[in-house]
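*Asks:* Can you keep this structure in mind? I'll have questions shortly.
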Amino acid sequence: MSMIYYSLNYNSPESNFENATRKGLAPDKGLYFPKDITKLDDSFFDEIEKLSYSEIAFQAIKQFVGSEISESALKIIIEESINFDFPLIKIENSISTIELFHGPTMAFKDVGAHFMARCVKYFNRNKKNNVTVLVATSGDTGGAVANGFYNLDGVDVVILYPKNRVSSVQKKQLTTLGKNITAIELNGTFDDCQEMVKKAFLDKEITSKKELTSANSINIARWLPQMFYFMFAYRDLKKINKQIVFSVPSGNFGNICAGMIAQKLGFPFKKFIAANNINNVVERYLSTKIYDPVSSIQTISNAMDVGCPSNFIRIKKIYNDNYDELKSNLSVFSFSDLATRKAILKIFKNTGYIADPHGALGYLACVEYLKTNPNVHTVFLETAHPAKFLDTIEPIIKKKIKLPNQIQSIINKSEVSTEVKNYNEFKENLLRI
């Protein structure tokens with residue numbers, strides 16, 4: 001059987017997993033969402049401590065993939081997508097972090113990017129025409145997607161990123177691979193990049209010549225695997241016999257939305273916290289019931305500089321647009337760059353642990369939540385290795401950060417990218433690839 005997906009704009013035909021993966025967006029520009037989500041058996045949770053990460057991931061994702069990928073192939077895809085560590089580190093008595101940055105590009109998006117790349121490879125195995133993966137990035141997505149799809153037959157990758165709004169290491173990861181990876185730099189914000197990507201998907205002059213798909217978290221095959229590490233943390237913390245609250249650094253809200261899907265599968269998470277920088281449209285929504293996206297503002301936690309988070313529509317759908325139900329399961333806190341810097345220094349002085357700016361926001365949200373909910377255990381997601389933010393972190397902690405091998409291997413490579421100023425210039429470059 002196949003999972004059925006439908007558009008959240010409700011004006012497109014239903015889709016299967018392969019079509020939704022290959023297309024990214026529905027024809028009406030809506031995000032795809034699974035029609036039915038079946039809870040996992042109670043026996044799965046009773047025995048979860050005995051299961052490997054791969055076994056947990058397979059049981060969780062198989063209903064969303066259905067029969068379109070064979071079980072044996074799906075198991076291989078999963079193994080290759082999570083073949084690195086997800087360590088759980090204690091920071092304080094009621095605060096832990098799960099490190100999601102031990103993959104090839106040192107960011108949490110490696111899981112989803114590699115899962116999607118292998119799904120596309122599977123679906124492309126008997127096809128002759130190339131597919132073009134088009135992705136907007138505020139930092140880590142582009143590098144993870146570039147690495148996941150690098151040198152893959154039948155796939156071209158085009159990455160659009162905002163000029164001067166990604167870190168120097170992130171830019172290296174976007175612009176140094178070559179081969180089937182093309183980097184385009186926009187003189188604008190991430191929201192501008194995201195809007196151009198969505199516009200390209202509806203541009204018949206482009207789609208008549210190229211088969212486009214997206215590898216942002218709007219794509220179900222990039223988005224859904226992000227639920228895995230919430231499950232891994234639950235397995236490893238089940239023995240503490242405390243309710244678990246996840247604090248998720250949130251920009252486009254794909255990560256936290258995937259965690260909520262894990263909750264729909266039956267994982268007994270108590271609550272989610274979205275940790276924001278000053279780009280806090282969802283926090284304002286929960287205070288006012290008015291969803292009012294605005295232009296993003298640049299911060300030191302650049303991957304979260306999003307003024308109009310795409311996945312929030314999925315979150316609203318999870319709760320069937322019930323504001324009270326959503327608010328009961330989601331808290332949002334936002335913090336300034338100054339508070340973020342202070343948190344990085346505090347964590348380092350007290351524990352020796354070096355948090356990146358996004359993880360530091362997750363930590364701050366844990367601290368804030370525990371003030372009124374002291375009997376839970378909080379887990380913040382460390383979404384990227386601190387070495388990706390040397391210019392920010394080293395002056396704060398007054399210490400040199402050792403570069404991991406994944407970064408040392410690219411730091412001296414030459415960057416190649418094309419700058420564009422508007423959609424027409426972007427379109428011209430895209431059509432030339």
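In the structure tokens, chains take letters A, B, ... by order of appearance, with residues numbered from 1 within each chain and ligands from 1 in the order shown.
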Name the residues in contact with A:Leu31 at a cut-off of 10 Å, using only C-alpha atoms, excluding same-chain residues fewer than 3 positions from it; report them as a list in words.

*Replies:*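 The residues that qualify are Tyr5, Tyr6, Ser7, Leu8, Asn9, Tyr10, Ala20, Gly24, Leu25, Ala26, Pro27, Asp28, Ser217, Ile218, Asn219, Ile220, Ser310, Asn311, Ile313 and Arg314 of chain A.
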
*Asks:* Just C-alpha atoms for this one: save the residues we selected as a PDB file, in the first residue's frame.

*Replies:*
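For reference, out.pdb as written:
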ATOM      1  CA  TYR A   5      -0.442  12.836   0.561  1.00  0.00           C
ATOM      2  CA  TYR A   6      -2.539  15.897  -0.101  1.00  0.00           C
ATOM      3  CA  SER A   7      -1.850  19.589  -0.535  1.00  0.00           C
ATOM      4  CA  LEU A   8      -2.486  21.917   2.377  1.00  0.00           C
ATOM      5  CA  ASN A   9      -3.814  24.411  -0.172  1.00  0.00           C
ATOM      6  CA  TYR A  10      -6.508  21.777  -0.968  1.00  0.00           C
ATOM      7  CA  ALA A  20       5.439  14.116  -3.526  1.00  0.00           C
ATOM      8  CA  GLY A  24       8.459  18.891  -3.578  1.00  0.00           C
ATOM      9  CA  LEU A  25       5.494  21.268  -3.749  1.00  0.00           C
ATOM     10  CA  ALA A  26       1.998  20.427  -4.932  1.00  0.00           C
ATOM     11  CA  PRO A  27       0.834  22.100  -8.182  1.00  0.00           C
ATOM     12  CA  ASP A  28      -1.221  24.599  -6.149  1.00  0.00           C
ATOM     13  CA  SER A 217      12.005  20.856   4.651  1.00  0.00           C
ATOM     14  CA  ILE A 218       8.958  21.566   2.481  1.00  0.00           C
ATOM     15  CA  ASN A 219       9.822  18.224   0.834  1.00  0.00           C
ATOM     16  CA  ILE A 220       8.333  15.297   2.732  1.00  0.00           C
ATOM     17  CA  SER A 310       6.983  27.356   5.715  1.00  0.00           C
ATOM     18  CA  ASN A 311       6.249  24.447   8.015  1.00  0.00           C
ATOM     19  CA  ILE A 313       1.058  25.460   8.180  1.00  0.00           C
ATOM     20  CA  ARG A 314       1.850  21.780   8.781  1.00  0.00           C
TER      21      ARG A 314
END

*Asks:* Identify, on the basis of only C-alpha atoms, every residue whose closest approach to A:Ser336 does not exceed 6 Å; exclude the query and any residue fewer than 3 positions from it along the same chain; express the result as a PDB file with C-alpha atoms, in the first residue's frame.

*Replies:*
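Contents of the output file selection_1.pdb:
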ATOM      1  CA  ASN A 277      15.923  34.497  18.013  1.00  0.00           C
ATOM      2  CA  ILE A 278      14.234  37.849  17.443  1.00  0.00           C
ATOM      3  CA  ALA A 339      21.424  36.765  25.540  1.00  0.00           C
TER       4      ALA A 339
END

*Asks:* Could I get the residues of stretch 91-110 of chain A with an atom no further than 12 Å from an atom of stretch 408-412 of chain A, each paired with its nearest atom pair and that distance in Å to one decimal, using only C-alpha atoms, sorted by chain and residue number, as a Markdown table?

*Replies:*
| residue | atom | partner | partner_atom | distance |
| --- | --- | --- | --- | --- |
| A:Pro104 | CA | A:Ser409 | CA | 10.9 |
| A:Thr105 | CA | A:Ile410 | CA | 10.4 |
| A:Met106 | CA | A:Gln408 | CA | 11.9 |

*Asks:* Mind writing the picked residues with N, CA and C atoms as an mmCIF file, in the first residue's frame?

*Replies:*
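Result file follows (result_36.cif):
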data_model
loop_
_atom_site.group_PDB
_atom_site.id
_atom_site.type_symbol
_atom_site.label_atom_id
_atom_site.label_comp_id
_atom_site.auth_asym_id
_atom_site.auth_seq_id
_atom_site.Cartn_x
_atom_site.Cartn_y
_atom_site.Cartn_z
ATOM 1 N N PRO A 104 28.340 14.244 7.847
ATOM 2 C CA PRO A 104 29.366 14.769 6.932
ATOM 3 C C PRO A 104 29.449 16.284 6.847
ATOM 4 N N THR A 105 28.335 17.009 7.042
ATOM 5 C CA THR A 105 28.413 18.479 6.999
ATOM 6 C C THR A 105 28.208 19.099 8.373
ATOM 7 N N MET A 106 28.186 18.264 9.417
ATOM 8 C CA MET A 106 28.157 18.735 10.796
ATOM 9 C C MET A 106 26.917 19.552 11.126
#

*Asks:* Within stretch 180-333 of chain A, find each residue whose DSSP state, derived from the backbone, is strand (DSSP E or B), and express the selection as a short mmCIF file (atom, residue, chain, number, x, y, z; two decimals) with C-alpha atoms, in the first residue's frame.

*Replies:*
data_model
loop_
_atom_site.label_atom_id
_atom_site.label_comp_id
_atom_site.auth_asym_id
_atom_site.auth_seq_id
_atom_site.Cartn_x
_atom_site.Cartn_y
_atom_site.Cartn_z
CA ILE A 181 26.33 21.28 -7.48
CA THR A 182 25.68 24.93 -8.45
CA ALA A 183 25.69 27.72 -5.85
CA ILE A 184 23.81 30.99 -6.49
CA GLU A 185 24.11 33.96 -4.13
CA LEU A 186 21.19 36.36 -3.79
CA GLU A 211 11.89 18.43 -13.65
CA LEU A 212 12.24 20.32 -10.36
CA THR A 213 12.14 19.07 -6.82
CA SER A 214 12.96 20.83 -3.57
CA ILE A 244 10.53 14.78 28.36
CA VAL A 245 10.25 18.25 26.87
CA PHE A 246 12.16 19.07 23.68
CA SER A 247 13.56 22.54 23.07
CA VAL A 248 14.07 23.00 19.35
CA PRO A 249 15.96 25.94 17.78
CA LYS A 271 5.67 19.22 25.19
CA PHE A 272 7.74 21.11 22.65
CA ILE A 273 9.49 24.44 23.03
CA ALA A 274 10.40 26.49 19.98
CA ALA A 275 13.52 28.50 20.76
CA ASN A 276 13.60 31.62 18.59
CA LEU A 330 3.92 24.32 22.19
CA SER A 331 5.71 27.02 24.11
CA VAL A 332 7.84 29.62 22.33
CA PHE A 333 10.58 31.81 23.78
#

*Asks:* Could you name the residues that touch stretch 75-85 of chain A at 8 Å or less, counting only C-alpha atoms, but leaving out those on the same chain fewer than 5 positions away, as an MDAnalysis selection string?

*Replies:* chainID A and resid 54 57:58 100 102:103 110:112 114:115 118:119

*Asks:* Using DSSP on the backbone coordinates, identify all residues within stretch 240-373 of chain A classified as alpha helix (DSSP H); present the result as number ranges by chain.

*Replies:* A: 254-264, 281-288, 312-318, 323-329, 337-351, 357-370

*Asks:* Would you pick out the contacts of A:His358 at 9 Å or less, using only C-alpha atoms, so that residues sharing its chain but fewer than 3 positions from it are not included, and give the list as a compact mmCIF listing (two decimals) with C-alpha atoms, in the first residue's frame?

*Replies:*
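And here's out37.txt as it stands now:
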# COMPACT_ATOMS: atom_id res chain seq x y z
CA VAL A 248 14.07 23.00 19.35
CA PRO A 249 15.96 25.94 17.78
CA SER A 250 13.37 26.91 15.18
CA ALA A 275 13.52 28.50 20.76
CA ASN A 276 13.60 31.62 18.59
CA ASN A 277 15.92 34.50 18.01
CA ILE A 300 24.19 35.37 14.89
CA SER A 301 21.89 32.30 14.79
CA ASN A 302 21.52 32.72 11.05
CA ALA A 303 19.83 29.40 10.25
CA MET A 304 16.83 30.70 12.19
CA THR A 340 22.71 34.13 23.11
CA ALA A 355 27.33 25.36 22.25
CA LEU A 361 19.01 29.46 22.20
CA GLY A 362 17.67 25.97 22.83
CA TYR A 363 19.43 25.97 26.21
CA LEU A 381 18.85 20.08 20.03
CA GLU A 382 22.44 20.96 19.16
CA THR A 383 21.88 21.44 15.48
CA ALA A 384 25.35 22.36 14.19

*Asks:* With only C-alpha atoms as the atoms that count, which of A:Met3, A:Leu326, A:Ala136, A:Ala215 lies nearest to A:Met196?

*Replies:*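 Once distances to A:Met196 are computed over only C-alpha atoms, the minimum belongs to A:Ala136.
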
*Asks:* Counting only C-alpha atoms, figure out which residue out of A:Phe101, A:Tyr423, A:Asn126, A:Ile256 gets nearest to A:Gln194.

*Replies:* A:Tyr423

*Asks:* Write out as an MDAnalysis selection string each polymer residue whose atoms come within 12 Å of stretch 322-324 of chain A, counting only C-alpha atoms; drop sequence neighbours fewer than 2 positions from it.

*Replies:* chainID A and resid 282 285:291 315:320 326:331

*Asks:* Can you write just those residues out, N, CA and C atoms, as a PDB file, in the first residue's frame?

*Replies:*
ATOM      1  N   VAL A 282       5.986  33.077  15.292  1.00  0.00           N
ATOM      2  CA  VAL A 282       5.105  32.092  15.940  1.00  0.00           C
ATOM      3  C   VAL A 282       4.848  32.471  17.393  1.00  0.00           C
ATOM      4  N   TYR A 285       2.192  34.910  17.290  1.00  0.00           N
ATOM      5  CA  TYR A 285       0.911  34.266  16.987  1.00  0.00           C
ATOM      6  C   TYR A 285       0.297  33.659  18.246  1.00  0.00           C
ATOM      7  N   LEU A 286       1.105  32.977  19.055  1.00  0.00           N
ATOM      8  CA  LEU A 286       0.574  32.345  20.258  1.00  0.00           C
ATOM      9  C   LEU A 286       0.137  33.363  21.301  1.00  0.00           C
ATOM     10  N   SER A 287       0.637  34.582  21.186  1.00  0.00           N
ATOM     11  CA  SER A 287       0.223  35.646  22.109  1.00  0.00           C
ATOM     12  C   SER A 287      -1.023  36.387  21.629  1.00  0.00           C
ATOM     13  N   THR A 288      -1.189  36.464  20.305  1.00  0.00           N
ATOM     14  CA  THR A 288      -2.229  37.336  19.750  1.00  0.00           C
ATOM     15  C   THR A 288      -3.291  36.625  18.910  1.00  0.00           C
ATOM     16  N   LYS A 289      -3.026  35.368  18.522  1.00  0.00           N
ATOM     17  CA  LYS A 289      -3.849  34.614  17.573  1.00  0.00           C
ATOM     18  C   LYS A 289      -3.783  35.196  16.159  1.00  0.00           C
ATOM     19  N   ILE A 290      -2.843  36.104  15.942  1.00  0.00           N
ATOM     20  CA  ILE A 290      -2.680  36.717  14.619  1.00  0.00           C
ATOM     21  C   ILE A 290      -1.347  36.256  14.041  1.00  0.00           C
ATOM     22  N   TYR A 291      -1.402  35.614  12.868  1.00  0.00           N
ATOM     23  CA  TYR A 291      -0.181  35.151  12.201  1.00  0.00           C
ATOM     24  C   TYR A 291       0.247  36.227  11.213  1.00  0.00           C
ATOM     25  N   ILE A 315       2.201  22.440  11.079  1.00  0.00           N
ATOM     26  CA  ILE A 315       1.955  22.375  12.525  1.00  0.00           C
ATOM     27  C   ILE A 315       0.490  22.689  12.820  1.00  0.00           C
ATOM     28  N   LYS A 316      -0.040  23.713  12.193  1.00  0.00           N
ATOM     29  CA  LYS A 316      -1.446  24.048  12.414  1.00  0.00           C
ATOM     30  C   LYS A 316      -2.355  22.883  11.989  1.00  0.00           C
ATOM     31  N   LYS A 317      -1.959  22.188  10.910  1.00  0.00           N
ATOM     32  CA  LYS A 317      -2.762  21.057  10.451  1.00  0.00           C
ATOM     33  C   LYS A 317      -2.714  19.906  11.447  1.00  0.00           C
ATOM     34  N   ILE A 318      -1.560  19.663  12.058  1.00  0.00           N
ATOM     35  CA  ILE A 318      -1.452  18.596  13.057  1.00  0.00           C
ATOM     36  C   ILE A 318      -2.501  18.777  14.144  1.00  0.00           C
ATOM     37  N   TYR A 319      -2.773  20.028  14.485  1.00  0.00           N
ATOM     38  CA  TYR A 319      -3.753  20.342  15.530  1.00  0.00           C
ATOM     39  C   TYR A 319      -5.092  20.782  14.947  1.00  0.00           C
ATOM     40  N   ASN A 320      -5.277  20.518  13.637  1.00  0.00           N
ATOM     41  CA  ASN A 320      -6.544  20.854  12.955  1.00  0.00           C
ATOM     42  C   ASN A 320      -6.974  22.296  13.204  1.00  0.00           C
ATOM     43  N   LEU A 326      -3.001  23.552  20.079  1.00  0.00           N
ATOM     44  CA  LEU A 326      -1.623  23.852  19.686  1.00  0.00           C
ATOM     45  C   LEU A 326      -0.872  24.523  20.822  1.00  0.00           C
ATOM     46  N   LYS A 327      -1.490  25.513  21.423  1.00  0.00           N
ATOM     47  CA  LYS A 327      -0.815  26.270  22.482  1.00  0.00           C
ATOM     48  C   LYS A 327      -0.536  25.390  23.701  1.00  0.00           C
ATOM     49  N   SER A 328      -1.357  24.371  23.925  1.00  0.00           N
ATOM     50  CA  SER A 328      -1.132  23.490  25.075  1.00  0.00           C
ATOM     51  C   SER A 328       0.084  22.588  24.867  1.00  0.00           C
ATOM     52  N   ASN A 329       0.499  22.409  23.614  1.00  0.00           N
ATOM     53  CA  ASN A 329       1.614  21.505  23.326  1.00  0.00           C
ATOM     54  C   ASN A 329       2.867  22.239  22.861  1.00  0.00           C
ATOM     55  N   LEU A 330       2.786  23.558  22.713  1.00  0.00           N
ATOM     56  CA  LEU A 330       3.915  24.324  22.192  1.00  0.00           C
ATOM     57  C   LEU A 330       4.109  25.601  22.986  1.00  0.00           C
ATOM     58  N   SER A 331       5.303  25.748  23.528  1.00  0.00           N
ATOM     59  CA  SER A 331       5.712  27.023  24.112  1.00  0.00           C
ATOM     60  C   SER A 331       6.790  27.635  23.214  1.00  0.00           C
TER      61      SER A 331
END

*Asks:* Using only C-alpha atoms, determine which residues lie at most 9 Å from A:Pro374, disregarding the query and same-chain residues fewer than 4 positions distant; provide the list as a ChimeraX atom specification.

*Replies:* /A:94,369-370

*Asks:* When you count only C-alpha atoms, which of these residues is closest to A:Thr97: A:Thr378, A:Asn424, A:Asn255, A:Thr21?

*Replies:*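 Nearest to A:Thr97: A:Thr378.
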
*Asks:* Name all residues at most 10 Å from A:Gln243 (count only C-alpha atoms; drop same-chain ones fewer than 6 positions away) and give them as a PyMOL selection string.

*Replies:* chain A and resi 234+237+268-271+375-378

*Asks:* Could you check how far atom CA of A:Asn151 sits from atom CA of A:Met227, in Å to one decimal?

*Replies:*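 Here the two named atoms are 27.0 Å from each other.
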
*Asks:* My list of candidates is A:Ser208, A:Phe253, A:Met231, A:Glu99. Which is closest to A:Leu51 when distances are computed with only C-alpha atoms?

*Replies:*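 Ranking A:Ser208, A:Phe253, A:Met231, A:Glu99 by distance to A:Leu51, first place goes to A:Met231.
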
*Asks:* One number please: atom CA of A:Phe190 to atom CA of A:Tyr161, in Å, one decimal.

*Replies:* 6.7 Å
